[in-house]
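Asks: Supplied structure: work_25.cif, mmCIF, C-alpha atoms.
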```
data_model
loop_
_atom_site.group_PDB
_atom_site.id
_atom_site.type_symbol
_atom_site.label_atom_id
_atom_site.label_comp_id
_atom_site.auth_asym_id
_atom_site.auth_seq_id
_atom_site.Cartn_x
_atom_site.Cartn_y
_atom_site.Cartn_z
ATOM 1 C CA MET O 19 -70.282 -15.109 -22.545
ATOM 2 C CA SER O 20 -71.019 -17.444 -19.650
ATOM 3 C CA ILE O 21 -68.673 -20.459 -19.702
ATOM 4 C CA VAL O 22 -67.315 -22.804 -17.015
ATOM 5 C CA ASN O 23 -64.694 -24.996 -18.718
ATOM 6 C CA TYR O 24 -62.142 -22.176 -19.000
ATOM 7 C CA ASN O 25 -61.876 -19.145 -16.712
ATOM 8 C CA TYR O 26 -59.587 -17.015 -18.867
ATOM 9 C CA ALA O 27 -59.744 -13.903 -16.680
ATOM 10 C CA SER O 28 -58.758 -15.870 -13.560
ATOM 11 C CA HIS O 29 -55.742 -17.428 -15.269
ATOM 12 C CA VAL O 30 -54.544 -14.048 -16.580
ATOM 13 C CA ALA O 31 -54.814 -12.522 -13.108
ATOM 14 C CA ALA O 32 -53.054 -15.509 -11.526
ATOM 15 C CA ASN O 33 -50.196 -15.298 -14.040
ATOM 16 C CA THR O 34 -49.877 -11.573 -13.358
ATOM 17 C CA ILE O 35 -49.692 -12.248 -9.605
ATOM 18 C CA ASN O 36 -47.013 -14.931 -10.030
ATOM 19 C CA ARG O 37 -44.905 -12.776 -12.363
ATOM 20 C CA ASN O 38 -45.212 -9.752 -10.089
ATOM 21 C CA GLU O 39 -44.253 -11.798 -7.001
ATOM 22 C CA SER O 40 -41.097 -12.940 -8.800
ATOM 23 C CA ILE O 41 -40.198 -9.311 -9.524
ATOM 24 C CA MET O 42 -40.996 -8.358 -5.913
ATOM 25 C CA ASP O 43 -38.736 -11.157 -4.632
ATOM 26 C CA LYS O 44 -35.840 -9.803 -6.697
ATOM 27 C CA THR O 45 -36.508 -6.223 -5.597
ATOM 28 C CA MET O 46 -36.714 -7.153 -1.922
ATOM 29 C CA ALA O 47 -33.523 -9.211 -2.193
ATOM 30 C CA ARG O 48 -31.716 -6.183 -3.612
ATOM 31 C CA ILE O 49 -33.048 -3.967 -0.826
ATOM 32 C CA ALA O 50 -32.181 -6.505 1.881
ATOM 33 C CA SER O 51 -28.649 -7.238 0.596
ATOM 34 C CA GLY O 52 -27.675 -3.752 -0.561
ATOM 35 C CA THR O 53 -26.369 -5.138 -3.846
ATOM 36 C CA LYS O 54 -27.813 -5.794 -7.275
ATOM 37 C CA VAL O 55 -25.585 -8.802 -8.014
ATOM 38 C CA GLY O 56 -26.540 -11.317 -5.329
ATOM 39 C CA ALA O 57 -27.706 -14.852 -6.045
ATOM 40 C CA GLY O 58 -31.044 -14.928 -7.851
ATOM 41 C CA HIS O 59 -31.265 -11.188 -8.538
ATOM 42 C CA ALA O 60 -28.172 -10.270 -10.557
ATOM 43 C CA ASP O 61 -28.447 -8.451 -13.862
ATOM 44 C CA SER O 62 -26.965 -10.345 -16.773
ATOM 45 C CA GLY O 63 -23.266 -9.634 -17.263
ATOM 46 C CA THR O 64 -22.804 -7.498 -14.137
ATOM 47 C CA TYR O 65 -21.537 -10.120 -11.705
ATOM 48 C CA ALA O 66 -18.074 -10.553 -13.244
ATOM 49 C CA LEU O 67 -17.658 -6.814 -13.790
ATOM 50 C CA TYR O 68 -18.737 -6.012 -10.236
ATOM 51 C CA THR O 69 -16.491 -8.620 -8.624
ATOM 52 C CA ASN O 70 -13.520 -7.592 -10.781
ATOM 53 C CA MET O 71 -13.929 -3.955 -9.779
ATOM 54 C CA THR O 72 -14.351 -4.988 -6.145
ATOM 55 C CA VAL O 73 -11.139 -7.033 -6.256
ATOM 56 C CA GLU O 74 -9.256 -4.160 -7.908
ATOM 57 C CA GLY O 75 -10.478 -1.818 -5.194
ATOM 58 C CA LYS O 76 -9.283 -4.196 -2.485
ATOM 59 C CA GLU O 77 -5.916 -4.560 -4.250
ATOM 60 C CA SER O 78 -5.573 -0.778 -4.346
ATOM 61 C CA ARG O 79 -6.221 -0.614 -0.603
ATOM 62 C CA ALA O 80 -3.642 -3.361 -0.032
ATOM 63 C CA ALA O 81 -1.185 -1.442 -2.226
ATOM 64 C CA LEU O 82 -1.763 1.610 -0.021
ATOM 65 C CA VAL O 83 -0.825 -0.440 3.031
ATOM 66 C CA ASN O 84 2.338 -1.626 1.253
ATOM 67 C CA LEU O 85 3.239 1.912 0.190
ATOM 68 C CA ASN O 86 2.725 3.323 3.673
ATOM 69 C CA SER O 87 4.883 0.553 5.107
ATOM 70 C CA GLY O 88 7.555 1.322 2.515
ATOM 71 C CA LEU O 89 7.337 5.019 3.349
ATOM 72 C CA ALA O 90 7.837 4.298 7.046
ATOM 73 C CA ARG O 91 10.832 2.109 6.198
ATOM 74 C CA MET O 92 12.443 4.813 4.057
ATOM 75 C CA LYS O 93 11.892 7.405 6.779
ATOM 76 C CA LEU O 94 13.776 5.082 9.115
ATOM 77 C CA VAL O 95 16.574 4.886 6.525
ATOM 78 C CA GLU O 96 16.592 8.678 6.262
ATOM 79 C CA SER O 97 16.808 9.310 10.024
ATOM 80 C CA THR O 98 19.507 6.642 10.457
ATOM 81 C CA GLY O 99 21.436 8.000 7.472
ATOM 82 C CA MET O 100 21.377 11.498 8.952
ATOM 83 C CA ALA O 101 22.764 10.124 12.227
ATOM 84 C CA ILE O 102 25.563 8.342 10.333
ATOM 85 C CA HIS O 103 26.358 11.521 8.436
ATOM 86 C CA LYS O 104 26.698 13.452 11.702
ATOM 87 C CA ILE O 105 28.988 10.704 13.031
ATOM 88 C CA SER O 106 31.196 10.979 9.936
ATOM 89 C CA ILE O 107 31.471 14.756 10.360
ATOM 90 C CA ARG O 108 32.641 14.347 13.959
ATOM 91 C CA MET O 109 35.129 11.665 12.873
ATOM 92 C CA GLN O 110 36.381 14.016 10.160
ATOM 93 C CA GLU O 111 36.888 16.710 12.784
ATOM 94 C CA LEU O 112 38.816 14.324 15.043
ATOM 95 C CA ALA O 113 41.011 13.094 12.161
ATOM 96 C CA THR O 114 41.805 16.657 11.140
ATOM 97 C CA THR O 115 42.829 17.578 14.682
ATOM 98 C CA ALA O 116 44.859 14.380 15.164
ATOM 99 C CA SER O 117 46.774 14.942 11.922
ATOM 100 C CA ASN O 118 48.618 17.824 13.620
ATOM 101 C CA THR O 119 52.173 16.562 14.141
ATOM 102 C CA LEU O 120 52.636 18.850 17.160
ATOM 103 C CA LEU O 121 49.936 17.023 19.089
ATOM 104 C CA PRO O 122 51.140 14.726 21.944
ATOM 105 C CA ALA O 123 50.628 11.003 21.355
ATOM 106 C CA ALA O 124 48.493 10.654 24.475
ATOM 107 C CA ASP O 125 46.023 13.211 23.119
ATOM 108 C CA ARG O 126 45.750 11.269 19.845
ATOM 109 C CA TYR O 127 45.105 8.071 21.789
ATOM 110 C CA ALA O 128 42.249 9.798 23.595
ATOM 111 C CA MET O 129 40.819 11.128 20.332
ATOM 112 C CA ASP O 130 41.250 7.720 18.712
ATOM 113 C CA ALA O 131 39.159 6.214 21.505
ATOM 114 C CA GLU O 132 36.289 8.511 20.530
ATOM 115 C CA PHE O 133 37.040 7.927 16.846
ATOM 116 C CA GLN O 134 36.769 4.146 17.330
ATOM 117 C CA ALA O 135 33.589 4.437 19.400
ATOM 118 C CA LEU O 136 31.982 6.538 16.675
ATOM 119 C CA LEU O 137 33.130 4.144 13.968
ATOM 120 C CA GLY O 138 31.659 1.255 15.942
ATOM 121 C CA GLU O 139 28.346 3.079 16.339
ATOM 122 C CA TRP O 140 28.320 3.861 12.615
ATOM 123 C CA ASP O 141 28.859 0.174 11.859
ATOM 124 C CA ARG O 142 26.143 -0.838 14.338
ATOM 125 C CA LEU O 143 23.587 1.556 12.871
ATOM 126 C CA ALA O 144 24.373 0.498 9.325
ATOM 127 C CA SER O 145 24.569 -3.244 9.865
ATOM 128 C CA GLN O 146 21.874 -3.785 12.523
ATOM 129 C CA THR O 147 19.048 -1.303 11.883
ATOM 130 C CA ARG O 148 15.911 -3.262 11.023
ATOM 131 C CA TYR O 149 12.355 -2.547 9.963
ATOM 132 C CA ASN O 150 9.869 -5.347 10.613
ATOM 133 C CA GLY O 151 12.802 -7.705 11.114
ATOM 134 C CA ASN O 152 14.561 -6.791 7.852
ATOM 135 C CA LEU O 153 17.904 -4.998 7.573
ATOM 136 C CA VAL O 154 17.390 -1.656 5.869
ATOM 137 C CA MET O 155 20.842 -0.041 5.691
ATOM 138 C CA THR O 156 22.825 -2.804 3.994
ATOM 139 C CA GLY O 157 21.920 -2.169 0.361
ATOM 140 C CA THR O 158 18.804 -4.334 -0.061
ATOM 141 C CA ASP O 159 16.512 -2.576 -2.530
ATOM 142 C CA LEU O 160 12.877 -2.061 -1.568
ATOM 143 C CA THR O 161 10.222 -3.531 -3.888
ATOM 144 C CA ILE O 162 6.609 -2.594 -3.155
ATOM 145 C CA ASN O 163 3.933 -4.829 -4.674
ATOM 146 C CA MET O 164 1.129 -2.728 -6.131
ATOM 147 C CA GLY O 165 -1.189 -5.649 -6.920
ATOM 148 C CA GLU O 166 -1.088 -4.956 -10.663
ATOM 149 C CA ALA O 167 -0.312 -7.558 -13.298
ATOM 150 C CA GLY O 168 3.423 -7.881 -13.984
ATOM 151 C CA THR O 169 6.412 -6.852 -11.928
ATOM 152 C CA ALA O 170 6.840 -3.642 -13.945
ATOM 153 C CA ALA O 171 3.869 -2.177 -12.073
ATOM 154 C CA ASN O 172 5.649 -2.538 -8.722
ATOM 155 C CA VAL O 173 7.440 0.380 -7.068
ATOM 156 C CA THR O 174 11.191 -0.178 -6.643
ATOM 157 C CA VAL O 175 13.383 1.998 -4.423
ATOM 158 C CA LEU O 176 17.168 1.684 -4.676
ATOM 159 C CA VAL O 177 18.749 1.603 -1.220
ATOM 160 C CA ASP O 178 22.431 2.333 -0.539
ATOM 161 C CA ASP O 179 24.720 0.201 1.581
ATOM 162 C CA TRP O 180 25.635 2.494 4.485
ATOM 163 C CA GLN O 181 28.216 0.218 6.139
ATOM 164 C CA PRO O 182 31.565 2.005 6.621
ATOM 165 C CA ASP O 183 33.616 -0.876 5.176
ATOM 166 C CA SER O 184 31.482 -1.468 2.058
ATOM 167 C CA PHE O 185 32.869 -0.657 -1.372
ATOM 168 C CA VAL O 186 32.095 -1.189 -5.049
ATOM 169 C CA ALA O 187 33.237 -4.784 -5.371
ATOM 170 C CA ALA O 188 33.565 -4.763 -9.148
ATOM 171 C CA GLY O 189 35.317 -1.410 -9.194
ATOM 172 C CA GLY O 190 34.274 1.403 -11.486
ATOM 173 C CA ALA O 191 32.255 4.506 -10.785
ATOM 174 C CA TYR O 192 29.967 5.042 -7.818
ATOM 175 C CA THR O 193 26.270 4.995 -8.675
ATOM 176 C CA ALA O 194 23.189 5.915 -6.687
ATOM 177 C CA GLY O 195 21.592 3.048 -4.801
ATOM 178 C CA GLU O 196 24.941 1.303 -4.304
ATOM 179 C CA ILE O 197 27.467 2.455 -1.684
ATOM 180 C CA ALA O 198 26.498 5.417 0.498
ATOM 181 C CA THR O 199 30.144 6.330 1.245
ATOM 182 C CA GLY O 200 31.106 6.310 -2.440
ATOM 183 C CA ALA O 201 34.013 3.932 -1.680
ATOM 184 C CA LEU O 202 35.444 2.229 -4.763
ATOM 185 C CA VAL O 203 38.115 0.043 -3.143
ATOM 186 C CA VAL O 204 38.581 -1.863 0.090
ATOM 187 C CA GLY O 205 40.170 0.003 2.991
ATOM 188 C CA ALA O 206 43.874 -0.789 3.253
ATOM 189 C CA ALA O 207 46.015 -1.179 6.349
ATOM 190 C CA ALA O 208 46.668 1.727 8.690
ATOM 191 C CA SER O 209 44.015 4.067 7.291
ATOM 192 C CA ALA O 210 45.500 3.917 3.791
ATOM 193 C CA GLY O 211 43.870 3.298 0.439
ATOM 194 C CA GLY O 212 43.269 6.839 -0.698
ATOM 195 C CA ALA O 213 40.198 9.032 -0.626
ATOM 196 C CA THR O 214 38.167 6.475 -2.600
ATOM 197 C CA ALA O 215 38.730 3.628 -0.118
ATOM 198 C CA ALA O 216 36.291 2.243 2.439
ATOM 199 C CA MET O 217 36.897 2.473 6.161
ATOM 200 C CA ASN O 218 38.921 -0.471 7.508
ATOM 201 C CA LEU O 219 37.347 -2.111 10.580
ATOM 202 C CA THR O 220 40.018 -4.776 11.083
ATOM 203 C CA SER O 221 41.140 -4.888 14.708
ATOM 204 C CA VAL O 222 44.741 -4.133 15.720
ATOM 205 C CA VAL O 223 46.069 -5.364 19.057
ATOM 206 C CA SER O 224 47.859 -3.034 21.418
ATOM 207 C CA ALA O 225 51.580 -2.527 20.813
ATOM 208 C CA GLY O 226 53.525 -0.943 23.622
ATOM 209 C CA ALA O 227 52.078 2.416 24.492
ATOM 210 C CA VAL O 228 49.666 2.312 21.537
ATOM 211 C CA PRO O 229 46.258 1.014 22.709
ATOM 212 C CA ALA O 230 44.247 -1.613 20.860
ATOM 213 C CA THR O 231 42.467 -0.016 17.923
ATOM 214 C CA ARG O 232 41.442 -0.677 14.309
ATOM 215 C CA GLN O 233 43.331 -0.427 11.064
ATOM 216 C CA GLU O 234 41.329 2.761 10.544
ATOM 217 C CA ASN O 235 42.826 4.852 13.335
ATOM 218 C CA ILE O 236 44.194 8.259 14.212
ATOM 219 C CA THR O 237 46.822 7.162 16.738
ATOM 220 C CA ILE O 238 49.589 8.766 14.660
ATOM 221 C CA ALA O 239 49.490 11.908 12.550
ATOM 222 C CA ALA O 240 50.076 10.052 9.266
ATOM 223 C CA ASN O 241 47.169 7.677 9.860
ATOM 224 C CA ALA O 242 44.962 10.574 10.907
ATOM 225 C CA ALA O 243 45.793 12.435 7.687
ATOM 226 C CA LEU O 244 44.871 9.359 5.613
ATOM 227 C CA SER O 245 41.591 8.883 7.492
ATOM 228 C CA ARG O 246 40.811 12.598 7.076
ATOM 229 C CA ALA O 247 41.320 12.281 3.306
ATOM 230 C CA LYS O 248 38.816 9.419 3.224
ATOM 231 C CA LEU O 249 36.305 11.232 5.387
ATOM 232 C CA ASP O 250 36.574 14.408 3.310
ATOM 233 C CA SER O 251 35.191 12.365 0.436
ATOM 234 C CA ILE O 252 32.847 10.139 2.423
ATOM 235 C CA THR O 253 30.931 12.912 4.209
ATOM 236 C CA GLY O 254 29.959 14.463 0.873
ATOM 237 C CA TYR O 255 28.710 11.144 -0.467
ATOM 238 C CA LEU O 256 26.765 10.464 2.724
ATOM 239 C CA ALA O 257 25.049 13.850 2.455
ATOM 240 C CA GLY O 258 24.132 13.033 -1.131
ATOM 241 C CA ALA O 259 22.801 9.612 -0.072
ATOM 242 C CA VAL O 260 20.563 11.271 2.528
ATOM 243 C CA GLY O 261 19.284 13.574 -0.211
ATOM 244 C CA GLU O 262 18.511 10.571 -2.419
ATOM 245 C CA VAL O 263 16.467 9.001 0.378
ATOM 246 C CA ALA O 264 14.550 12.277 0.768
ATOM 247 C CA GLY O 265 13.754 12.125 -2.939
ATOM 248 C CA ASP O 266 12.587 8.526 -2.576
ATOM 249 C CA ILE O 267 10.306 9.572 0.273
ATOM 250 C CA GLN O 268 8.778 12.322 -1.877
ATOM 251 C CA SER O 269 8.235 9.808 -4.674
ATOM 252 C CA LEU O 270 6.504 7.367 -2.321
ATOM 253 C CA GLU O 271 4.262 10.116 -0.977
ATOM 254 C CA PHE O 272 3.122 10.921 -4.524
ATOM 255 C CA ALA O 273 2.607 7.188 -5.180
ATOM 256 C CA ILE O 274 0.447 6.988 -2.040
ATOM 257 C CA GLU O 275 -1.631 9.944 -3.207
ATOM 258 C CA ALA O 276 -2.129 8.347 -6.637
ATOM 259 C CA ALA O 277 -2.951 4.909 -5.195
ATOM 260 C CA SER O 278 -5.474 6.455 -2.812
ATOM 261 C CA GLY O 279 -7.245 8.171 -5.713
ATOM 262 C CA GLN O 280 -7.231 4.944 -7.739
ATOM 263 C CA ALA O 281 -8.708 3.005 -4.819
ATOM 264 C CA VAL O 282 -11.551 5.500 -4.484
ATOM 265 C CA ALA O 283 -12.225 5.449 -8.244
ATOM 266 C CA ARG O 284 -12.311 1.637 -8.380
ATOM 267 C CA GLU O 285 -14.549 1.413 -5.325
ATOM 268 C CA LEU O 286 -16.867 4.001 -6.888
ATOM 269 C CA GLY O 287 -16.978 1.956 -10.090
ATOM 270 C CA ALA O 288 -17.923 -1.170 -8.146
ATOM 271 C CA SER O 289 -20.561 0.767 -6.235
ATOM 272 C CA LEU O 290 -22.155 2.234 -9.350
ATOM 273 C CA ILE O 291 -22.264 -1.214 -10.959
ATOM 274 C CA GLY O 292 -23.382 -3.378 -8.067
ATOM 275 C CA ASP O 293 -24.816 -1.366 -5.178
ATOM 276 C CA THR O 294 -28.572 -1.089 -4.705
ATOM 277 C CA ASP O 295 -30.199 2.244 -5.559
ATOM 278 C CA TYR O 296 -32.640 2.355 -2.669
ATOM 279 C CA ALA O 297 -34.723 5.208 -4.088
ATOM 280 C CA THR O 298 -35.309 3.306 -7.319
ATOM 281 C CA GLU O 299 -35.850 -0.095 -5.738
ATOM 282 C CA THR O 300 -38.258 1.094 -3.011
ATOM 283 C CA ALA O 301 -40.291 2.999 -5.602
ATOM 284 C CA LYS O 302 -40.358 -0.139 -7.741
ATOM 285 C CA LEU O 303 -41.425 -2.250 -4.750
ATOM 286 C CA ALA O 304 -44.304 0.117 -3.960
ATOM 287 C CA SER O 305 -45.487 -0.087 -7.577
ATOM 288 C CA GLN O 306 -45.255 -3.873 -7.543
ATOM 289 C CA GLN O 307 -47.234 -4.080 -4.315
ATOM 290 C CA VAL O 308 -50.046 -1.999 -5.836
ATOM 291 C CA ILE O 309 -50.077 -4.215 -8.931
ATOM 292 C CA SER O 310 -50.105 -7.341 -6.751
ATOM 293 C CA GLN O 311 -53.038 -6.083 -4.678
ATOM 294 C CA ALA O 312 -54.958 -5.073 -7.796
ATOM 295 C CA ALA O 313 -54.300 -8.433 -9.464
ATOM 296 C CA THR O 314 -55.463 -10.259 -6.330
ATOM 297 C CA ALA O 315 -58.696 -8.259 -6.322
ATOM 298 C CA ILE O 316 -59.266 -8.983 -10.025
ATOM 299 C CA LEU O 317 -58.595 -12.699 -9.466
ATOM 300 C CA ALA O 318 -61.263 -12.722 -6.768
ATOM 301 C CA GLN O 319 -63.713 -11.009 -9.163
ATOM 302 C CA ALA O 320 -62.842 -13.424 -11.982
ATOM 303 C CA ASN O 321 -63.347 -16.424 -9.749
ATOM 304 C CA ALA O 322 -66.661 -15.035 -8.550
ATOM 305 C CA ARG O 323 -67.900 -14.489 -12.115
ATOM 306 C CA SER O 324 -68.490 -18.198 -12.655
ATOM 307 C CA ALA O 325 -71.017 -18.114 -9.838
ATOM 308 C CA THR O 326 -73.430 -16.339 -12.217
ATOM 309 C CA ILE O 327 -73.781 -19.615 -14.106
ATOM 310 C CA LEU O 328 -75.498 -21.118 -11.074
ATOM 311 C CA THR O 329 -78.020 -18.264 -11.187
ATOM 312 C CA LEU O 330 -78.968 -19.272 -14.718
ATOM 313 C CA LEU O 331 -79.527 -22.856 -13.616
ATOM 314 C CA LYS O 332 -81.900 -21.999 -10.790
#
```
Translate the structure described by the file into structure tokens.

Replies:
Amino acid sequence: MSIVNYNYASHVAANTINRNESIMDKTMARIASGTKVGAGHADSGTYALYTNMTVEGKESRAALVNLNSGLARMKLVESTGMAIHKISIRMQELATTASNTLLPAADRYAMDAEFQALLGEWDRLASQTRYNGNLVMTGTDLTINMGEAGTAANVTVLVDDWQPDSFVAAGGAYTAGEIATGALVVGAAASAGGATAAMNLTSVVSAGAVPATRQENITIAANAALSRAKLDSITGYLAGAVGEVAGDIQSLEFAIEAASGQAVARELGASLIGDTDYATETAKLASQQVISQAATAILAQANARSATILTLLK
């Protein structure tokens, strides 16, 4: 049929070219961006899922940073706690020696000088050790934000108070994550207070031949015996507190391993949902280019077909 008012074949070819160019634009955008969810070429329903998985993956990576920071902090607590424990053992040794009534007073004064220096270092380590500007040996629990909904998903580590003069203020039994020395009552004057008492850091001025010292001292045999009784108990609790920190470190290491696996899984999920499959998309682009070239050739033929009408009119 030779008609001129409507060129059906040309319009079909033109529509095919336009539709194919739209598909090619989307395919090339996916190849250029590396993602299937960019503006103008996202599959229906995938954008929210992809972004949610991406955010969860980033949160998991942030949680890993938090966990590693917490692990470093607890390793600092562990090393400092071990140093304090060694100090307490030396103080226990000095108190035991000084409790000998046959020992000359001058020798006790010399030992008390070391005893006081060690007690001061213990107090300094416990009250001044910081990680990223925060005190870590004074009983402040460590809470690690895992980026999950609700505080129950966070990791909490109970941290003891390692200060020599700390005690359980409300009385009662010692519990983990409370007082590293296990002290239940405040240290009394002149090293007294029993084996459950804290060390007493109150200063005492010099009196005659007795040098300036603290209430917790070994300047006389009786005081040394009382301090030794405290330290006999304290050193065991300190060793246990170090062991608790070691357990916390193990727990954090397992949490890091789990969080690392979760981060990889969430990132993989986001990748499978939103990343461009280059093999598929380049194959699709090649097919679309062939179709586009064929449609262009057909459009040229369809447009040329109307020229036969002029032949009939000659």

Asks: For the file shown, report as number ranges by chain the outcome of the PyMOL selection byres ((chain O and resi 94) around 10) at residue level.

Replies: O: 88-93, 95-100, 147-149, 154-155, 263

Asks: Write out as a ChimeraX atom specification each polymer residue whose atoms come within 12 Å of O:Leu82, counting only C-alpha atoms; drop sequence neighbours fewer than 5 positions from it.

Replies: /O:75-77,87-89,162-165,173,270-282

Asks: Enter the distance from atom CA of O:Ser221 to atom CA of O:Tyr255, in Å, rounded to one decimal.

Replies: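 Value for the atom CA of O:Ser221-atom CA of O:Tyr255 distance: 25.3 Å.
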
Asks: Can you pull out the residues contacting stretch 32-38 of chain O? Cut-off 8 Å, using only C-alpha atoms, and skip same-chain residues under 2 positions away; I want them as a list of chain:residue names.

Replies: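 Final neighbour list, sorted by chain and number: O:Ser28, O:His29, O:Val30, O:Ser40, O:Ile41, O:Met42, O:Gln306, O:Ile309, O:Ser310, O:Ala313, O:Thr314, O:Leu317.
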
Asks: Where's the centre, and what are the edge lengths in Å to one decimal, of a box along x, y and z enclosing all listed atoms of stretch 204-220 of chain O padded 4 Å per side, as AutoDock Vina command-line options?

Replies:
```
--center_x 41.5 --center_y 2.1 --center_z 4.2 --size_x 18.4 --size_y 21.8 --size_z 21.7
```

Asks: Could you jot down the atom CA of O:Thr174 to atom CA of O:Gly157 separation for me, Å, one decimal place?

Replies: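 Computing the Euclidean distance for atom CA of O:Thr174 and atom CA of O:Gly157 yields 13.0 Å.
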
Asks: Could you tell me, as a ChimeraX atom specification, exactly which residues end up selected when the PyMOL selection byres ((chain O and resi 232) around 9) is applied to this structure?

Replies: /O:134,208-209,218-223,230-231,233-235

Asks: Show which residues sit within 10 Å of O:Ile105, as a list in words. Count all atoms listed in the file, and ignore same-chain residues fewer than 2 positions away.

Replies: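 Counting only the stated atoms, we get Gly99, Met100, Ala101, Ile102, His103, Ile107, Arg108, Met109, Gln110, Glu111, Phe133, Leu136, Leu137, Glu139, Trp140 and Thr253 of chain O.
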
Asks: For a quick check of understanding, using all atoms listed in the file, which of O:Ala227, O:Ile291, O:Ala81, O:Val308 has the smallest distance to O:Tyr65?

Replies: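 Between O:Ala227, O:Ile291, O:Ala81, O:Val308, the residue approaching O:Tyr65 most closely is O:Ile291.
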